[in-house]
Amino acid sequence: MLCALTVRSLKPGTFDQFREAFMAGEDFEDDPPEGFVRFVMARDSGSPDEVISFGLFDGTVDEMRKLAAESGYDEQLERIAPFVESVGTDGLFEVVEDYST
């Protein structure tokens, strides 16, 4: 299992526009991309312009990269760029422990 995770600092007050641009064309609830197990977008409760997005993917790094290329990931980055001040952590991580209730 992989976790695609990105931490972004948004330009002040642009979360709603960022979220709309990020989610444009996405239908994680009714038609998630093949292999995706879960997607989460979270805001820092003390600094709402800090946003973390991550998805859990049941597949290989190569499969994840292929899916990103085929599903318009580069276009998504272009749509959100006007609202992003900076990007912190951004990568694919192997899930080594997973607990849920």
# chains A, B, ... in the order shown; residues from 1 in each chain; ligands from 1
>>> residues_around(residues="A:Phe54", least_positions_apart="4", cutoff="9 Å", atoms="only C-alpha atoms", output="JSON list (two decimals) with all heavy atoms, in the first residue's frame")
[["chain", "number", "residue", "atom", "x", "y", "z"],
["A", 3, "CYS", "N", 1.03, 5.66, 0.17],
["A", 3, "CYS", "CA", 0.36, 6.89, 0.58],
["A", 3, "CYS", "C", 0.98, 8.03, -0.22],
["A", 3, "CYS", "O", 2.17, 8.30, -0.11],
["A", 3, "CYS", "CB", 0.55, 7.13, 2.08],
["A", 3, "CYS", "SG", -0.16, 8.69, 2.65],
["A", 4, "ALA", "N", 0.15, 8.67, -1.06],
["A", 4, "ALA", "CA", 0.57, 9.87, -1.78],
["A", 4, "ALA", "C", 0.20, 11.05, -0.89],
["A", 4, "ALA", "O", -0.97, 11.23, -0.58],
["A", 4, "ALA", "CB", -0.14, 9.95, -3.13],
["A", 5, "LEU", "N", 1.19, 11.82, -0.46],
["A", 5, "LEU", "CA", 0.95, 12.88, 0.52],
["A", 5, "LEU", "C", 1.59, 14.18, 0.08],
["A", 5, "LEU", "O", 2.74, 14.18, -0.39],
["A", 5, "LEU", "CB", 1.54, 12.46, 1.87],
["A", 5, "LEU", "CG", 1.40, 13.48, 2.98],
["A", 5, "LEU", "CD1", 0.92, 12.78, 4.25],
["A", 5, "LEU", "CD2", 2.69, 14.20, 3.24],
["A", 6, "THR", "N", 0.83, 15.27, 0.21],
["A", 6, "THR", "CA", 1.36, 16.60, -0.09],
["A", 6, "THR", "C", 0.89, 17.58, 0.98],
["A", 6, "THR", "O", -0.29, 17.58, 1.34],
["A", 6, "THR", "CB", 0.90, 17.10, -1.47],
["A", 6, "THR", "OG1", 1.27, 16.14, -2.46],
["A", 6, "THR", "CG2", 1.56, 18.43, -1.82],
["A", 7, "VAL", "N", 1.82, 18.40, 1.45],
["A", 7, "VAL", "CA", 1.52, 19.47, 2.40],
["A", 7, "VAL", "C", 1.69, 20.79, 1.66],
["A", 7, "VAL", "O", 2.76, 21.04, 1.08],
["A", 7, "VAL", "CB", 2.47, 19.42, 3.61],
["A", 7, "VAL", "CG1", 2.16, 20.57, 4.58],
["A", 7, "VAL", "CG2", 2.38, 18.07, 4.31],
["A", 38, "ARG", "N", -8.57, 5.31, -0.30],
["A", 38, "ARG", "CA", -9.08, 6.41, 0.50],
["A", 38, "ARG", "C", -8.40, 7.71, 0.07],
["A", 38, "ARG", "O", -7.23, 7.70, -0.33],
["A", 38, "ARG", "CB", -8.79, 6.15, 1.97],
["A", 38, "ARG", "CG", -9.36, 7.16, 2.91],
["A", 38, "ARG", "CD", -9.19, 6.71, 4.33],
["A", 38, "ARG", "NE", -9.92, 7.65, 5.18],
["A", 38, "ARG", "CZ", -10.08, 7.51, 6.45],
["A", 38, "ARG", "NH1", -9.57, 6.45, 7.06],
["A", 38, "ARG", "NH2", -10.74, 8.40, 7.15],
["A", 39, "PHE", "N", -9.15, 8.82, 0.17],
["A", 39, "PHE", "CA", -8.58, 10.14, -0.06],
["A", 39, "PHE", "C", -9.01, 11.06, 1.08],
["A", 39, "PHE", "O", -10.16, 11.01, 1.52],
["A", 39, "PHE", "CB", -9.07, 10.74, -1.38],
["A", 39, "PHE", "CG", -8.70, 12.19, -1.53],
["A", 39, "PHE", "CD1", -7.42, 12.55, -1.86],
["A", 39, "PHE", "CD2", -9.64, 13.18, -1.27],
["A", 39, "PHE", "CE1", -7.06, 13.88, -1.95],
["A", 39, "PHE", "CE2", -9.29, 14.52, -1.36],
["A", 39, "PHE", "CZ", -8.00, 14.87, -1.71],
["A", 40, "VAL", "N", -8.08, 11.89, 1.56],
["A", 40, "VAL", "CA", -8.35, 12.83, 2.65],
["A", 40, "VAL", "C", -7.72, 14.18, 2.32],
["A", 40, "VAL", "O", -6.56, 14.23, 1.87],
["A", 40, "VAL", "CB", -7.78, 12.32, 4.00],
["A", 40, "VAL", "CG1", -7.97, 13.37, 5.10],
["A", 40, "VAL", "CG2", -8.43, 11.01, 4.40],
["A", 41, "MET", "N", -8.49, 15.26, 2.52],
["A", 41, "MET", "CA", -7.95, 16.60, 2.49],
["A", 41, "MET", "C", -8.22, 17.18, 3.88],
["A", 41, "MET", "O", -9.36, 17.15, 4.35],
["A", 41, "MET", "CB", -8.63, 17.47, 1.43],
["A", 41, "MET", "CG", -8.06, 18.88, 1.34],
["A", 41, "MET", "SD", -8.92, 19.94, 0.13],
["A", 41, "MET", "CE", -8.46, 19.14, -1.41],
["A", 42, "ALA", "N", -7.18, 17.69, 4.53],
["A", 42, "ALA", "CA", -7.32, 18.20, 5.90],
["A", 42, "ALA", "C", -6.67, 19.58, 6.01],
["A", 42, "ALA", "O", -5.65, 19.85, 5.38],
["A", 42, "ALA", "CB", -6.66, 17.23, 6.88]]
>>> residues_around(residues="stretch 76-81 of chain A", least_positions_apart="5", cutoff="12 Å", atoms="only C-alpha atoms", output="MDAnalysis selection string")
chainID A and resid 6 8:11 14:26 68:71 86:87
>>> write_last_selection(atoms="C-alpha atoms", output="PDB file, in the first residue's frame")
ATOM      1  CA  THR A   6       1.358  16.601  -0.087  1.00  0.00           C
ATOM      2  CA  ARG A   8       0.691  22.885   0.955  1.00  0.00           C
ATOM      3  CA  SER A   9       0.604  26.432   2.291  1.00  0.00           C
ATOM      4  CA  LEU A  10      -2.119  28.321   0.484  1.00  0.00           C
ATOM      5  CA  LYS A  11      -2.306  32.005  -0.256  1.00  0.00           C
ATOM      6  CA  THR A  14      -7.996  30.940  -0.972  1.00  0.00           C
ATOM      7  CA  PHE A  15      -8.980  27.562   0.487  1.00  0.00           C
ATOM      8  CA  ASP A  16     -12.428  27.444  -1.143  1.00  0.00           C
ATOM      9  CA  GLN A  17     -10.999  28.233  -4.600  1.00  0.00           C
ATOM     10  CA  PHE A  18      -8.147  25.766  -4.029  1.00  0.00           C
ATOM     11  CA  ARG A  19     -10.547  23.006  -2.996  1.00  0.00           C
ATOM     12  CA  GLU A  20     -12.814  23.623  -5.988  1.00  0.00           C
ATOM     13  CA  ALA A  21      -9.859  23.586  -8.402  1.00  0.00           C
ATOM     14  CA  PHE A  22      -8.348  20.507  -6.734  1.00  0.00           C
ATOM     15  CA  MET A  23     -11.581  18.515  -6.841  1.00  0.00           C
ATOM     16  CA  ALA A  24     -12.655  19.586 -10.365  1.00  0.00           C
ATOM     17  CA  GLY A  25     -13.294  16.431 -12.339  1.00  0.00           C
ATOM     18  CA  GLU A  26     -12.731  14.155  -9.331  1.00  0.00           C
ATOM     19  CA  ALA A  68      -1.475  10.019 -12.189  1.00  0.00           C
ATOM     20  CA  ALA A  69      -0.341  10.567 -15.774  1.00  0.00           C
ATOM     21  CA  GLU A  70      -3.552   9.138 -17.222  1.00  0.00           C
ATOM     22  CA  SER A  71      -5.901  10.968 -14.859  1.00  0.00           C
ATOM     23  CA  SER A  86       4.445  26.851  -1.168  1.00  0.00           C
ATOM     24  CA  VAL A  87       4.698  23.077  -1.107  1.00  0.00           C
TER      25      VAL A  87
END
>>> atom_distance(atom1="atom CA of A:Asp98", atom2="atom CA of A:Val37")
12.6 Å
>>> select_by_dssp(residues="stretch 6-67 of chain A", states="strand (DSSP E or B)", output="PyMOL selection string")
chain A and resi 6-10+36-43+50-57
>>> atom_distance(atom1="atom CA of A:Ser100", atom2="atom CA of A:Asp31")
23.1 Å
>>> atom_distance(atom1="atom CA of A:Tyr73", atom2="atom CA of A:Tyr99")
28.7 Å
>>> select_by_dssp(residues="chain A", states="helix (DSSP H, G or I)", output="number ranges by chain")
A: 15-23, 61-70, 73-83
>>> write_last_selection(atoms="N, CA and C atoms", output="PDB file, in the first residue's frame")
ATOM      1  N   PHE A  15      -8.683  28.988   0.346  1.00  0.00           N
ATOM      2  CA  PHE A  15      -8.980  27.562   0.487  1.00  0.00           C
ATOM      3  C   PHE A  15     -10.151  27.127  -0.380  1.00  0.00           C
ATOM      4  N   ASP A  16     -11.254  27.869  -0.377  1.00  0.00           N
ATOM      5  CA  ASP A  16     -12.428  27.444  -1.143  1.00  0.00           C
ATOM      6  C   ASP A  16     -12.115  27.339  -2.634  1.00  0.00           C
ATOM      7  N   GLN A  17     -11.380  28.300  -3.182  1.00  0.00           N
ATOM      8  CA  GLN A  17     -10.999  28.233  -4.600  1.00  0.00           C
ATOM      9  C   GLN A  17     -10.035  27.076  -4.850  1.00  0.00           C
ATOM     10  N   PHE A  18      -9.083  26.887  -3.920  1.00  0.00           N
ATOM     11  CA  PHE A  18      -8.147  25.766  -4.029  1.00  0.00           C
ATOM     12  C   PHE A  18      -8.898  24.442  -4.056  1.00  0.00           C
ATOM     13  N   ARG A  19      -9.804  24.264  -3.095  1.00  0.00           N
ATOM     14  CA  ARG A  19     -10.547  23.006  -2.996  1.00  0.00           C
ATOM     15  C   ARG A  19     -11.365  22.753  -4.262  1.00  0.00           C
ATOM     16  N   GLU A  20     -12.026  23.783  -4.760  1.00  0.00           N
ATOM     17  CA  GLU A  20     -12.814  23.623  -5.988  1.00  0.00           C
ATOM     18  C   GLU A  20     -11.923  23.237  -7.164  1.00  0.00           C
ATOM     19  N   ALA A  21     -10.781  23.900  -7.306  1.00  0.00           N
ATOM     20  CA  ALA A  21      -9.859  23.586  -8.402  1.00  0.00           C
ATOM     21  C   ALA A  21      -9.263  22.189  -8.235  1.00  0.00           C
ATOM     22  N   PHE A  22      -8.929  21.822  -7.011  1.00  0.00           N
ATOM     23  CA  PHE A  22      -8.348  20.507  -6.734  1.00  0.00           C
ATOM     24  C   PHE A  22      -9.330  19.391  -7.083  1.00  0.00           C
ATOM     25  N   MET A  23     -10.583  19.570  -6.691  1.00  0.00           N
ATOM     26  CA  MET A  23     -11.581  18.515  -6.841  1.00  0.00           C
ATOM     27  C   MET A  23     -12.270  18.513  -8.206  1.00  0.00           C
ATOM     28  N   VAL A  61       4.407   1.655  -7.097  1.00  0.00           N
ATOM     29  CA  VAL A  61       4.784   3.021  -7.448  1.00  0.00           C
ATOM     30  C   VAL A  61       4.566   3.253  -8.941  1.00  0.00           C
ATOM     31  N   ASP A  62       4.966   2.297  -9.771  1.00  0.00           N
ATOM     32  CA  ASP A  62       4.778   2.444 -11.213  1.00  0.00           C
ATOM     33  C   ASP A  62       3.296   2.553 -11.575  1.00  0.00           C
ATOM     34  N   GLU A  63       2.451   1.755 -10.933  1.00  0.00           N
ATOM     35  CA  GLU A  63       1.008   1.831 -11.199  1.00  0.00           C
ATOM     36  C   GLU A  63       0.445   3.177 -10.771  1.00  0.00           C
ATOM     37  N   MET A  64       0.918   3.685  -9.647  1.00  0.00           N
ATOM     38  CA  MET A  64       0.465   4.984  -9.161  1.00  0.00           C
ATOM     39  C   MET A  64       0.876   6.092 -10.117  1.00  0.00           C
ATOM     40  N   ARG A  65       2.093   6.068 -10.565  1.00  0.00           N
ATOM     41  CA  ARG A  65       2.581   7.095 -11.508  1.00  0.00           C
ATOM     42  C   ARG A  65       1.836   7.026 -12.832  1.00  0.00           C
ATOM     43  N   LYS A  66       1.552   5.827 -13.294  1.00  0.00           N
ATOM     44  CA  LYS A  66       0.796   5.672 -14.539  1.00  0.00           C
ATOM     45  C   LYS A  66      -0.609   6.240 -14.376  1.00  0.00           C
ATOM     46  N   LEU A  67      -1.253   5.930 -13.265  1.00  0.00           N
ATOM     47  CA  LEU A  67      -2.589   6.451 -13.001  1.00  0.00           C
ATOM     48  C   LEU A  67      -2.572   7.977 -12.946  1.00  0.00           C
ATOM     49  N   ALA A  68      -1.576   8.553 -12.287  1.00  0.00           N
ATOM     50  CA  ALA A  68      -1.475  10.019 -12.189  1.00  0.00           C
ATOM     51  C   ALA A  68      -1.344  10.636 -13.581  1.00  0.00           C
ATOM     52  N   ALA A  69      -0.524  10.045 -14.419  1.00  0.00           N
ATOM     53  CA  ALA A  69      -0.341  10.567 -15.774  1.00  0.00           C
ATOM     54  C   ALA A  69      -1.619  10.472 -16.592  1.00  0.00           C
ATOM     55  N   GLU A  70      -2.330   9.362 -16.441  1.00  0.00           N
ATOM     56  CA  GLU A  70      -3.552   9.138 -17.222  1.00  0.00           C
ATOM     57  C   GLU A  70      -4.749   9.942 -16.708  1.00  0.00           C
ATOM     58  N   TYR A  73      -3.135  14.523 -13.603  1.00  0.00           N
ATOM     59  CA  TYR A  73      -2.498  15.102 -12.430  1.00  0.00           C
ATOM     60  C   TYR A  73      -1.785  16.416 -12.757  1.00  0.00           C
ATOM     61  N   ASP A  74      -1.104  16.478 -13.895  1.00  0.00           N
ATOM     62  CA  ASP A  74      -0.406  17.712 -14.271  1.00  0.00           C
ATOM     63  C   ASP A  74      -1.391  18.861 -14.460  1.00  0.00           C
ATOM     64  N   GLU A  75      -2.544  18.568 -15.045  1.00  0.00           N
ATOM     65  CA  GLU A  75      -3.573  19.590 -15.227  1.00  0.00           C
ATOM     66  C   GLU A  75      -4.123  20.049 -13.873  1.00  0.00           C
ATOM     67  N   GLN A  76      -4.271  19.115 -12.938  1.00  0.00           N
ATOM     68  CA  GLN A  76      -4.738  19.462 -11.606  1.00  0.00           C
ATOM     69  C   GLN A  76      -3.738  20.421 -10.952  1.00  0.00           C
ATOM     70  N   LEU A  77      -2.458  20.139 -11.075  1.00  0.00           N
ATOM     71  CA  LEU A  77      -1.437  21.021 -10.501  1.00  0.00           C
ATOM     72  C   LEU A  77      -1.518  22.419 -11.110  1.00  0.00           C
ATOM     73  N   GLU A  78      -1.783  22.505 -12.403  1.00  0.00           N
ATOM     74  CA  GLU A  78      -1.942  23.806 -13.056  1.00  0.00           C
ATOM     75  C   GLU A  78      -3.158  24.553 -12.511  1.00  0.00           C
ATOM     76  N   ARG A  79      -4.262  23.835 -12.278  1.00  0.00           N
ATOM     77  CA  ARG A  79      -5.481  24.477 -11.767  1.00  0.00           C
ATOM     78  C   ARG A  79      -5.296  25.036 -10.368  1.00  0.00           C
ATOM     79  N   ILE A  80      -4.541  24.339  -9.526  1.00  0.00           N
ATOM     80  CA  ILE A  80      -4.397  24.779  -8.139  1.00  0.00           C
ATOM     81  C   ILE A  80      -3.247  25.765  -7.943  1.00  0.00           C
ATOM     82  N   ALA A  81      -2.342  25.861  -8.892  1.00  0.00           N
ATOM     83  CA  ALA A  81      -1.146  26.699  -8.752  1.00  0.00           C
ATOM     84  C   ALA A  81      -1.434  28.147  -8.318  1.00  0.00           C
ATOM     85  N   PRO A  82      -2.477  28.792  -8.842  1.00  0.00           N
ATOM     86  CA  PRO A  82      -2.711  30.185  -8.430  1.00  0.00           C
ATOM     87  C   PRO A  82      -3.017  30.359  -6.940  1.00  0.00           C
ATOM     88  N   PHE A  83      -3.373  29.291  -6.253  1.00  0.00           N
ATOM     89  CA  PHE A  83      -3.780  29.373  -4.850  1.00  0.00           C
ATOM     90  C   PHE A  83      -2.713  28.866  -3.880  1.00  0.00           C
TER      91      PHE A  83
END
>>> closest_residue(among="A:Pro12, A:Val96, A:Asp90, A:Met1", to="A:Ser47", atoms="only C-alpha atoms")
A:Pro12
